[in-house]
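J.: Mind looking over this structure? Questions follow.
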Amino acid sequence: MTSTAGRASGASGARRASGARPAIRPDRADPELARVESALRELRVAAPVGLLPDTLVAAGLADEYATIDTAIGPVWVAWNGRGVSALTQAVDGASFEADFRRSHDRPIRPASDGLPPRLADAIHRRLGGDRRVRIAVDLRGHGEFQQAVWMKALEIPRGEVRPYGWVAAEIGRPAAVRAVGTALAHNPVPLVIPCHRVVRTDGRIGQYSLGGAENKRTLLAWEGADPDGLERLASAGIRYIGSDTTRIVCHPTCHNARRVTDRHRVSFHSLGEAGQRGYRPCKVCRPVSLAA
Amino acid sequence: MVMDDDALLRAIARDLDGCFEALVRGHEDRIYSIALRLTGDAADAEEIAQDTFLRAYRALGSYDARRIRELHLRAWLATIAVNLCRNRAARRRPRTVSLSGPAGDPTEVEHLLPPAPASESPAGAAARREGAEQWAALVADLPERYRAAVVLRHVDGLSYEEMSEVLGRPEGTVKAQVHRGLALLRAAFEAAEREESIA
């Protein structure tokens with residue numbers, strides 16, 4: 001009896017307890033709660049107008065661009081969240097945009113604040129010869145061979161040059177000298193990838209995609225590579241320089257070759273000739289035998 | 001062109017790069033609103049919303065077509081945003097938000113508010129702004145689990161089933177957290193009104 005009464009009272013107590021909680025039950029009939037819910041719906045807002053374009057740029061589905069000053073004058077740089085995607089000379093923004101859209105098939109807009117400071121700093125340091133600085137580049141859509149050529153060009157120090165055939169040999173495609181030249185001519189980010197440091201196999205400066213041969217000479221001179229001296233060596237048929245004390249043979253612009261004093265400097269027309277005279281190739285600039 | 005999420009996912013499974021913009025357009029307001037109401041900071045919210053879409057883009061790029069088609073897009077994007085908000089909160093010291101309303105740059109506050117209907121009178125707009133400001137502050141003051149529940153349910157409008165997926169908790173728990181959050185909000189609102197009438 002007592003226990004039944006106890007259960008009954010316990011049950012009704014539980015009901016009372018649950019009856020005391022309607023304040024936290026959802027109740028459509030409760031106007032106060034409906035007011036809270038409608039106030040919360042009002043807290044949904046429109047995204048800032050910049051969110052969509054910024055997101056597309058970050059994903060690499062759109063690009064921004066600005067100009068930077070270089071040794072050959074202002075150039076136009078495009079980039080997205082993946083890295084620098086284009087660098088060219090153009091008469092104005094409109095023609096740069098038109099060129100970009102033709103080659104990339106995605107939207108591009110002028111950057112409201114110019115180049116991001118970190119990117120601008122990295123590019124200027126890279127142009128100044130700092131090879132440690134990392135610059136992300138967006139090379140989507142280009143083949144493995146082309147990318148291998150460009151990555152190899154990145155290894156050439158400021159103020160030095162290497163022949164096309166050297167690049168071909170270094171990437172394991174010694175016969176693909178012409179293809180190397182073509183790949184360099186299509187370098188989407190010259191200066192950032194220094195294709196101006198790759199010269200003809202006979203040692204002449206050769207052509208340049210960013211505004212022609214004269215710009216290549218200007219850049220090399222600016223970097224301290226002495227283009228006139230390089231042309232003179234090429235005319236004389238001199239491809240390599242050795243030291244008669246170390247008996248090491250180098251590319252003429254290798255920093256090891258430049259240290260050789262006139263008294264000990266030996267010129268070679270070919271690596272075979274150097275080999276016959278007991279010279280071994282430099283381990284830094286790694287000269288290879290090239291077909292003329 | 002407006003697509004429902006299933007059609008959008010089918011399109012994305014075929015051409016992610018071509019359809020990603022439609023995904024962002026379709027979800028940017030809600031993802032930004034979730035981030036804004038969870039962090040209480042417009043700049044943080046914009047960054048989190050961008051990061052949400054960027055992570056979604058990368059993930060979609062790594063999924064096969066079938067996995068993309070089977071996604072629950074609304075819940076999936078909300079999950080990424082909520083987790084980013086939590087990571088950010090964990091990196092920062094706890095925020096102290098005054099119940100008496102946000103202080104600081106009035107232009108920033110302006111930005112936190114829903115756009116006013118075009119036909120509204122200036123006085124009506126001001127009152128509405130004040131109201132929204134107050135509610136935003138009350139939501140920001142909720143403990144995180146109730147804030148997330150209330151925001152996903154009533155700011156974003158997710159179902160309890162979707163919320164359970166987003167929050168990784170059973171539906172019953174999520175439901176209880178929404179109810180508790182609403183009760184806390186209501187009590188805080190009434191307390192603030194009493195305070196105002198006394199003052």
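Residue numbers start at 1 in each chain; chains themselves are named A, B, ... in the order of the structure tokens; ligands are numbered from 1 in the order shown.
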Residues of chain B within 9 Å of chain A, counting only C-alpha atoms, what are they? List them as a count of residues only.
T.: 52
J.: Using only C-alpha atoms, which protein or nucleic acid residues come within 8 Å of Arg145 (chain B)? Drop anything in the same chain fewer than 3 positions from it, and give the result as number ranges by chain.
T.: B: 148-149, 177
J.: Skipping near chain neighbours, those fewer than 3 positions away, what residues fall within 6 Å of region 234-241 of chain A using only C-alpha atoms, listed as a PyMOL selection string?
T.: chain A and resi 203-204+231+249-252+266-269
J.: Please extract the residues of region 225-279 of chain A with a backbone DSSP assignment of strand (DSSP E) and present them as a compact mmCIF listing (two decimals) with C-alpha atoms, in the first residue's frame.
T.:
# COMPACT_ATOMS: atom_id res chain seq x y z
CA TYR A 240 85.46 26.30 -71.46
CA ILE A 241 88.04 27.78 -69.12
CA GLY A 242 90.51 25.76 -67.07
CA SER A 243 93.16 26.41 -64.45
CA ILE A 248 89.83 21.69 -63.48
CA VAL A 249 87.74 22.86 -66.45
CA CYS A 250 84.59 25.01 -66.06
CA ARG A 265 93.88 30.61 -67.27
CA VAL A 266 93.64 28.04 -70.09
CA SER A 267 91.00 28.20 -72.83
CA PHE A 268 89.40 25.16 -74.49
